[in-house]
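Undergrad: Dropping in structure-v1.tsv, which is TSV, C-alpha atoms:
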chain	number	residue	atom	x	y	z
J	4	MET	CA	-77.49	44.46	118.67
J	5	PRO	CA	-76.83	40.90	117.57
J	6	ASP	CA	-75.83	41.04	113.91
J	7	ILE	CA	-77.18	37.56	113.19
J	8	LEU	CA	-80.77	38.85	113.06
J	9	PHE	CA	-79.94	41.73	110.77
J	10	GLU	CA	-77.73	40.05	108.22
J	11	ASN	CA	-80.94	39.37	106.34
J	12	VAL	CA	-84.28	40.86	107.40
J	13	ASP	CA	-85.89	38.01	105.49
J	14	SER	CA	-84.95	35.68	108.38
J	15	ILE	CA	-87.31	37.62	110.65
J	16	LEU	CA	-90.01	37.68	107.99
J	17	ASP	CA	-89.61	33.92	107.47
J	18	GLY	CA	-89.95	33.24	111.18
J	19	PHE	CA	-93.26	35.11	111.29
J	20	ARG	CA	-94.75	34.10	107.93
J	21	ASP	CA	-97.39	31.93	109.64
J	22	LEU	CA	-98.49	34.63	112.10
J	23	GLU	CA	-102.13	35.52	111.56
J	24	ASP	CA	-102.73	39.24	111.09
J	25	PRO	CA	-105.17	40.29	113.84
J	26	ARG	CA	-105.91	43.70	112.30
J	27	SER	CA	-109.11	44.67	110.54
J	28	HIS	CA	-109.04	44.13	106.78
J	29	VAL	CA	-110.70	47.51	106.24
J	30	SER	CA	-107.95	49.92	107.21
J	31	ARG	CA	-104.67	48.02	106.80
J	32	ARG	CA	-102.12	50.46	105.44
J	33	HIS	CA	-98.94	48.72	106.55
J	34	LEU	CA	-97.59	45.23	105.99
J	35	LEU	CA	-97.67	42.94	109.02
J	36	GLY	CA	-94.10	41.81	108.29
J	37	ASP	CA	-92.86	45.41	108.36
J	38	LEU	CA	-94.55	45.96	111.73
J	39	ILE	CA	-93.09	42.78	113.21
J	40	VAL	CA	-89.55	43.40	111.94
J	41	ILE	CA	-89.51	46.97	113.22
J	42	SER	CA	-90.95	45.90	116.59
J	43	ILE	CA	-88.39	43.13	117.10
J	44	ILE	CA	-85.44	45.26	116.05
J	45	ALA	CA	-86.58	48.15	118.24
J	46	VAL	CA	-87.09	45.95	121.31
J	47	ILE	CA	-83.67	44.36	120.84
J	48	ALA	CA	-82.27	47.90	120.63
J	49	GLY	CA	-83.93	48.76	123.96
J	50	ALA	CA	-87.42	50.02	123.11
J	51	ASP	CA	-89.85	49.32	125.93
J	52	GLY	CA	-93.22	50.01	124.35
J	53	PRO	CA	-95.10	51.35	121.34
J	54	THR	CA	-93.91	54.94	121.81
J	55	ALA	CA	-90.26	53.88	121.88
J	56	ILE	CA	-90.79	51.49	118.94
J	57	GLY	CA	-92.31	54.33	116.89
J	58	ALA	CA	-89.41	56.63	117.82
J	59	CYS	CA	-86.87	53.95	116.89
J	60	ALA	CA	-88.60	53.50	113.51
J	61	ALA	CA	-88.55	57.24	112.85
J	62	ASN	CA	-84.88	57.51	113.86
J	63	HIS	CA	-83.85	54.65	111.56
J	64	GLU	CA	-86.10	55.42	108.62
J	65	ALA	CA	-83.34	55.34	106.01
J	66	TRP	CA	-82.10	51.92	107.09
J	67	LEU	CA	-85.64	50.54	107.30
J	68	ARG	CA	-86.52	51.82	103.83
J	69	ASN	CA	-83.53	49.90	102.45
J	70	HIS	CA	-84.65	46.63	104.07
J	71	LEU	CA	-88.48	46.72	104.15
J	72	ASP	CA	-91.27	47.54	101.72
J	73	LEU	CA	-92.95	50.28	103.83
J	74	PRO	CA	-95.56	51.05	101.12
J	75	ASN	CA	-97.11	53.82	103.25
J	76	GLY	CA	-94.00	55.10	104.98
J	77	ILE	CA	-92.88	54.87	108.58
J	78	LEU	CA	-95.52	53.73	111.02
J	79	SER	CA	-96.80	55.72	113.96
J	80	GLN	CA	-96.66	54.75	117.60
J	81	ASP	CA	-100.45	54.26	117.50
J	82	THR	CA	-100.10	51.61	114.78
J	83	PHE	CA	-97.62	49.65	116.91
J	84	ASP	CA	-99.85	50.09	119.96
J	85	ARG	CA	-102.89	48.64	118.16
J	86	LEU	CA	-100.93	45.75	116.69
J	87	LEU	CA	-99.24	44.77	119.95
J	88	ALA	CA	-102.58	44.86	121.76
J	89	ALA	CA	-104.22	42.66	119.12
J	90	LEU	CA	-101.52	40.00	118.69
J	91	LYS	CA	-102.13	36.62	120.30
J	92	PRO	CA	-99.16	36.03	122.64
J	93	ALA	CA	-99.03	32.26	122.08
J	94	ALA	CA	-99.00	32.68	118.28
J	95	PHE	CA	-96.29	35.34	118.50
J	96	GLN	CA	-94.21	33.13	120.81
J	97	ALA	CA	-94.47	30.17	118.43
J	98	CYS	CA	-93.22	32.32	115.55
J	99	PHE	CA	-90.48	33.84	117.70
J	100	GLU	CA	-89.30	30.35	118.64
J	101	THR	CA	-89.10	29.52	114.92
J	102	LEU	CA	-86.99	32.64	114.37
J	103	ILE	CA	-84.68	31.83	117.29
J	104	ALA	CA	-84.27	28.24	116.11
J	105	SER	CA	-83.22	29.53	112.69
J	106	VAL	CA	-80.39	31.63	114.14
J	107	LEU	CA	-79.13	29.08	116.66
J	108	PRO	CA	-75.93	27.32	115.73
J	109	SER	CA	-75.97	23.91	114.15
J	110	ASP	CA	-74.55	20.77	115.76
J	111	ASP	CA	-71.22	21.37	114.02
J	112	GLN	CA	-70.73	24.48	116.20
J	113	PRO	CA	-71.12	22.98	119.70
J	114	ASP	CA	-69.15	25.80	121.33
J	115	LEU	CA	-71.99	28.19	120.46
J	116	ASN	CA	-74.69	26.18	122.25
J	117	GLN	CA	-74.22	27.63	125.73
J	118	VAL	CA	-77.49	28.79	127.27
J	119	ALA	CA	-77.50	30.84	130.46
J	120	ILE	CA	-80.56	30.59	132.71
J	121	ASP	CA	-81.29	33.43	135.12
J	122	GLY	CA	-84.19	34.42	137.33
J	123	LYS	CA	-85.01	37.95	138.39
J	124	ALA	CA	-87.69	39.84	140.27
J	125	VAL	CA	-88.89	42.79	138.18
J	126	ARG	CA	-88.43	45.96	140.19
J	127	ARG	CA	-91.53	47.98	141.02
J	128	SER	CA	-93.81	45.29	139.59
J	129	HIS	CA	-95.67	44.76	142.87
J	130	ASP	CA	-98.95	46.40	143.84
J	131	ARG	CA	-99.33	46.45	147.62
J	132	ARG	CA	-102.81	48.01	147.43
J	133	LYS	CA	-104.05	45.03	145.45
J	134	GLY	CA	-102.00	42.54	147.43
J	135	LEU	CA	-99.85	41.58	144.47
J	136	GLY	CA	-96.22	40.64	144.95
J	137	PRO	CA	-93.41	41.27	142.47
J	138	LEU	CA	-93.24	39.66	139.04
J	139	PHE	CA	-90.62	36.90	138.81
J	140	LEU	CA	-89.13	36.06	135.38
J	141	VAL	CA	-86.79	33.30	134.31
J	142	SER	CA	-84.84	33.99	131.10
J	143	ALA	CA	-82.81	31.79	128.78
J	144	TRP	CA	-79.95	33.59	127.01
J	145	ALA	CA	-77.89	32.21	124.09
J	146	VAL	CA	-74.46	33.32	125.29
J	147	GLU	CA	-72.46	33.46	122.05
J	148	ARG	CA	-75.35	34.66	119.87
J	149	GLU	CA	-76.31	37.33	122.42
J	150	ILE	CA	-80.06	36.81	122.12
J	151	THR	CA	-82.81	35.90	124.55
J	152	LEU	CA	-84.31	32.54	123.71
J	153	GLY	CA	-87.33	33.04	125.92
J	154	GLN	CA	-88.74	34.20	129.22
J	155	LEU	CA	-91.26	32.66	131.57
J	156	VAL	CA	-93.18	34.16	134.44
J	157	THR	CA	-92.90	32.11	137.63
J	158	GLU	CA	-95.19	32.11	140.65
J	159	GLU	CA	-92.46	33.04	143.08
J	160	LYS	CA	-88.71	33.20	143.47
J	161	SER	CA	-87.49	29.66	142.89
J	162	ASN	CA	-84.67	27.64	141.39
J	163	GLU	CA	-84.31	28.77	137.76
J	164	ILE	CA	-83.71	25.28	136.38
J	165	THR	CA	-86.83	23.78	137.98
J	166	ALA	CA	-88.93	26.74	136.87
J	167	ILE	CA	-88.57	25.93	133.16
J	168	PRO	CA	-89.01	22.18	132.71
J	169	GLY	CA	-88.94	21.40	129.00
J	170	SER	CA	-89.26	25.00	127.78
J	171	VAL	CA	-85.65	25.85	126.97
J	172	PRO	CA	-84.68	22.43	125.59
J	173	LYS	CA	-87.65	22.70	123.21
J	174	ILE	CA	-86.30	25.98	121.88
J	175	VAL	CA	-82.68	24.87	121.80
J	176	GLU	CA	-83.43	21.53	120.12
J	177	SER	CA	-85.59	23.09	117.40
Any chance you could give the structure as structure tokens?
TA:
Amino acid sequence: MPDILFENVDSILDGFRDLEDPRSHVSRRHLLGDLIVISIIAVIAGADGPTAIGACAANHEAWLRNHLDLPNGILSQDTFDRLLAALKPAAFQACFETLIASVLPSDDQPDLNQVAIDGKAVRRSHDRRKGLGPLFLVSAWAVEREITLGQLVTEEKSNEITAIPGSVPKIVES
């Protein structure tokens, strides 16, 4: 895992401070910031959904308790499932871009500004019965910082650079 994100959990919380909480006010037991931090850390560690995020949280409870408030303990997989379903993707992406911009190197570290662009077809993402082809993604990767800056879905396999006009420079220049 890239250490830059975990030197201070507050950097993740700061990046998402403007994210609107989509959950009902009636039954909120857990802090939105705790949910977001755990989700991001778990996904970076390889979690691929709410079940894996919940398992990661349970397995790292001691570390999480040292870095987060967790007023009602470790969260269940169902809590992550409900939150991830309710979040607005565009709002999450805007906050994530803020977080990424905060961990990118400054201009006085030009050797750390290398961004790799790569396109891939996601295996087994097609559905022949519905006439759907595979999902094509283009990713931007900060080489020295070892973090993904962003991903975009493309219509079809194409040149990676032309698939992301303006998207990566926006993130990198932030």
Undergrad: What separation in Å, quoted to one decimal, exists between CA of Ser142 (chain J) and CA of Ala45 (chain J)?
TA: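 Computing the Euclidean distance for CA of Ser142 (chain J) and CA of Ala45 (chain J) yields 19.2 Å.
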Undergrad: Would you mind listing what lies within 9 Å of region 18-23 of chain J as a ChimeraX atom specification, with only C-alpha atoms counted and same-chain residues fewer than 4 positions away left out?
TA: /J:13-14,35-36,39,90-91,94-95,97-103,105
Undergrad: Given the choices J:Gln80, J:Pro25, J:Phe139, J:His70, which gets closest to Ala58 (chain J) if the distance is worked out from all atoms listed in the file?
TA: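 Among the listed residues, the smallest separation from Ala58 (chain J) belongs to J:Gln80.
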Undergrad: Can you work out the spacing between CA of Glu64 (chain J) and CA of Val40 (chain J) in Å, to one decimal?
TA: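 CA of Glu64 (chain J) sits 12.9 Å away from CA of Val40 (chain J).
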Undergrad: Pick from J:Ser128, J:Asn69, J:Thr151, J:Gln96: nearest to Asp37 (chain J), with only C-alpha atoms counted?
TA: J:Asn69
Undergrad: May I ask for the distance between CA of Ser42 (chain J) and CA of Ser27 (chain J), given in Å to one decimal place?
TA: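 Going from CA of Ser42 (chain J) over to CA of Ser27 (chain J) covers 19.2 Å.
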Undergrad: Considering all atoms listed in the file, state which residue in the set J:Leu71, J:Ala89, J:Leu140, J:Ala50 is at the smallest distance from Arg26 (chain J).
TA: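 Smallest separation from Arg26 (chain J) among the options: J:Ala89.
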Undergrad: Take region 11-23 of chain J, bring it up to N, CA and C atoms, and give me the output as a PDB file, in the coordinates of the input.
TA:
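File selection-v8.pdb, as written:
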ATOM      1  N   ASN J  11     -79.914  39.524 107.351  1.00  0.00           N
ATOM      2  CA  ASN J  11     -80.940  39.370 106.340  1.00  0.00           C
ATOM      3  C   ASN J  11     -82.292  39.505 107.013  1.00  0.00           C
ATOM      4  N   VAL J  12     -82.972  40.610 106.790  1.00  0.00           N
ATOM      5  CA  VAL J  12     -84.280  40.860 107.400  1.00  0.00           C
ATOM      6  C   VAL J  12     -85.265  39.756 107.027  1.00  0.00           C
ATOM      7  N   ASP J  13     -85.012  39.091 105.915  1.00  0.00           N
ATOM      8  CA  ASP J  13     -85.890  38.010 105.490  1.00  0.00           C
ATOM      9  C   ASP J  13     -85.963  36.899 106.533  1.00  0.00           C
ATOM     10  N   SER J  14     -84.911  36.717 107.344  1.00  0.00           N
ATOM     11  CA  SER J  14     -84.950  35.680 108.380  1.00  0.00           C
ATOM     12  C   SER J  14     -86.035  35.982 109.403  1.00  0.00           C
ATOM     13  N   ILE J  15     -86.232  37.252 109.731  1.00  0.00           N
ATOM     14  CA  ILE J  15     -87.310  37.620 110.650  1.00  0.00           C
ATOM     15  C   ILE J  15     -88.649  37.414 109.971  1.00  0.00           C
ATOM     16  N   LEU J  16     -88.759  37.850 108.729  1.00  0.00           N
ATOM     17  CA  LEU J  16     -90.010  37.680 107.990  1.00  0.00           C
ATOM     18  C   LEU J  16     -90.363  36.205 107.855  1.00  0.00           C
ATOM     19  N   ASP J  17     -89.372  35.361 107.592  1.00  0.00           N
ATOM     20  CA  ASP J  17     -89.610  33.920 107.470  1.00  0.00           C
ATOM     21  C   ASP J  17     -90.116  33.335 108.782  1.00  0.00           C
ATOM     22  N   GLY J  18     -89.544  33.754 109.878  1.00  0.00           N
ATOM     23  CA  GLY J  18     -89.950  33.240 111.180  1.00  0.00           C
ATOM     24  C   GLY J  18     -91.395  33.569 111.526  1.00  0.00           C
ATOM     25  N   PHE J  19     -91.900  34.658 110.969  1.00  0.00           N
ATOM     26  CA  PHE J  19     -93.260  35.110 111.290  1.00  0.00           C
ATOM     27  C   PHE J  19     -94.237  34.970 110.132  1.00  0.00           C
ATOM     28  N   ARG J  20     -93.875  34.221 109.105  1.00  0.00           N
ATOM     29  CA  ARG J  20     -94.750  34.100 107.930  1.00  0.00           C
ATOM     30  C   ARG J  20     -96.086  33.449 108.241  1.00  0.00           C
ATOM     31  N   ASP J  21     -96.144  32.607 109.289  1.00  0.00           N
ATOM     32  CA  ASP J  21     -97.390  31.930 109.640  1.00  0.00           C
ATOM     33  C   ASP J  21     -98.227  32.691 110.664  1.00  0.00           C
ATOM     34  N   LEU J  22     -97.755  33.852 111.099  1.00  0.00           N
ATOM     35  CA  LEU J  22     -98.490  34.630 112.100  1.00  0.00           C
ATOM     36  C   LEU J  22     -99.735  35.238 111.463  1.00  0.00           C
ATOM     37  N   GLU J  23    -100.872  34.977 112.062  1.00  0.00           N
ATOM     38  CA  GLU J  23    -102.130  35.520 111.560  1.00  0.00           C
ATOM     39  C   GLU J  23    -102.217  37.009 111.887  1.00  0.00           C
TER      40      GLU J  23
END
